[in-house]
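Enquirer: Take a look at the following structure, please.
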Amino acid sequence: MAETYLWEAEDASWFVLSVRYLPLLPTFGVETNVARYEHGPKLGTITLTVEAWLPVEIVAQRYQDAQRRLLGKTPRHVTPGRLRLLRFVETRGKDWSWRKRMAVWNQSEASSKKERYEDVRNFRKAYMQVRALVLEPKYISAERNERASRIARRRRIQNELTIRGPHYEPDIDFVR
């Protein structure tokens, strides 16, 4: 049943057990994954499977929800200037002092007055922030998220079936 109707195995089990539970066809799917490669950074990915007719607003909202769950917070926007700062510090002047790095950045790399730094602490802080966001993100385990969402969904279904009784016909809001 799971293969034929494109249901999750858990949904097929609930259908068989309760007879009246009918999962929706998967018009939208979200998968999150955190992979750690040997000698490399953790990579957190979000994979969306979306029916072409779904509105872009719904897709964007579901992506943001998955992103918040994966990161454990609302993500900070990384500007192109901060990415250039990260590349600059990571690739040039590894043995330079922070003061010299800042001077070279201000003189040759900053594309506008807004990207220049006057305080070494602020320069270093900006680098450390973008490094943490891009190279050392703190992902929340995808397995823990999936397990928690399965448990919450199971409880919601059990509650609905218990409250409504054996002759319950689920409505569209319940199945979501």
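So you can find residues: chains in the structure tokens are A, B, ... in the order shown, residues in each start at 1, and ligands are numbered from 1 in order.
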When DSSP is applied to the backbone of this structure, which of range 32-154 of chain A are assigned strand (DSSP E)? Write them out as a PyMOL selection string.
Expert: chain A and resi 32-36+42-50
Enquirer: Would you mind writing down, as an MDAnalysis selection string, each residue of range 78-155 of chain A that DSSP on the backbone assigns to alpha helix (DSSP H)?
Expert: chainID A and resid 80:91 98:104 120:134 142:155
Enquirer: What's the separation between CA of Lys113 in chain A and CA of Gly93 in chain A, in Å to one decimal place?
Expert: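 Atom-to-atom, CA of Lys113 in chain A and CA of Gly93 in chain A are spaced 22.0 Å apart.
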Enquirer: Give the answer as one residue: which of A:Glu90, A:Val134, A:Ala152, A:Pro23 has the shortest atom-to-atom distance to Asp11 in chain A, using only C-alpha atoms?
Expert: A:Pro23
Enquirer: Kindly give the distance, in Å, that separates CA of Val16 in chain A and CA of Arg153 in chain A, rounded to a single decimal.
Expert: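 Atom-to-atom, CA of Val16 in chain A to CA of Arg153 in chain A, that is 16.7 Å.
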Enquirer: Can you tell me, as number ranges by chain, what residues are no more than 10 Å from Thr74 in chain A when counting only C-alpha atoms, ignoring any on the same chain fewer than 6 positions away?
Expert: A: 64-65, 67-68
Enquirer: Export, as an mmCIF file, in the first residue's frame, the selected residues with N, CA and C atoms.
Expert:
```cif
data_model
loop_
_atom_site.group_PDB
_atom_site.id
_atom_site.type_symbol
_atom_site.label_atom_id
_atom_site.label_comp_id
_atom_site.auth_asym_id
_atom_site.auth_seq_id
_atom_site.Cartn_x
_atom_site.Cartn_y
_atom_site.Cartn_z
ATOM 1 N N GLN A 64 11.117 27.627 5.295
ATOM 2 C CA GLN A 64 11.537 28.376 6.489
ATOM 3 C C GLN A 64 11.316 27.560 7.753
ATOM 4 N N ASP A 65 10.197 26.849 7.833
ATOM 5 C CA ASP A 65 9.928 26.004 9.004
ATOM 6 C C ASP A 65 10.996 24.916 9.139
ATOM 7 N N GLN A 67 14.003 24.991 7.928
ATOM 8 C CA GLN A 67 15.264 25.660 8.230
ATOM 9 C C GLN A 67 15.359 25.980 9.724
ATOM 10 N N ARG A 68 14.282 26.487 10.302
ATOM 11 C CA ARG A 68 14.269 26.785 11.744
ATOM 12 C C ARG A 68 14.456 25.517 12.573
#
```
Enquirer: CA of Arg82 in chain A to CA of Ala126 in chain A: how many Å, to one decimal?
Expert: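 Calculated distance between CA of Arg82 in chain A and CA of Ala126 in chain A is 7.5 Å.
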Enquirer: I need the residue nearest Thr47 in chain A from this list: A:Ser149, A:Ser18, A:Thr32, A:Gln61. Use only C-alpha atoms for the distance.
Expert: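 The shortest atom-to-atom distance to Thr47 in chain A comes from A:Thr32.
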Enquirer: Which is closest to Ala110 in chain A among A:Tyr5, A:Phe28, A:Leu85, A:Pro75, if we use only C-alpha atoms?
Expert: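 Once distances to Ala110 in chain A are computed over only C-alpha atoms, the minimum belongs to A:Leu85.
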Enquirer: Taking only C-alpha atoms into account, name the residue in A:Ala103, A:Leu83, A:Ala132, A:Leu70 that is nearest to Val34 in chain A.
Expert: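 Smallest separation from Val34 in chain A among the options: A:Leu70.
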Enquirer: Under the rule that only C-alpha atoms are counted, which of A:Val120, A:Leu48, A:Val78, A:Leu135 is the nearest residue to Ser97 in chain A?
Expert: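 Going through A:Val120, A:Leu48, A:Val78, A:Leu135 one by one, the smallest distance to Ser97 in chain A is for A:Val120.
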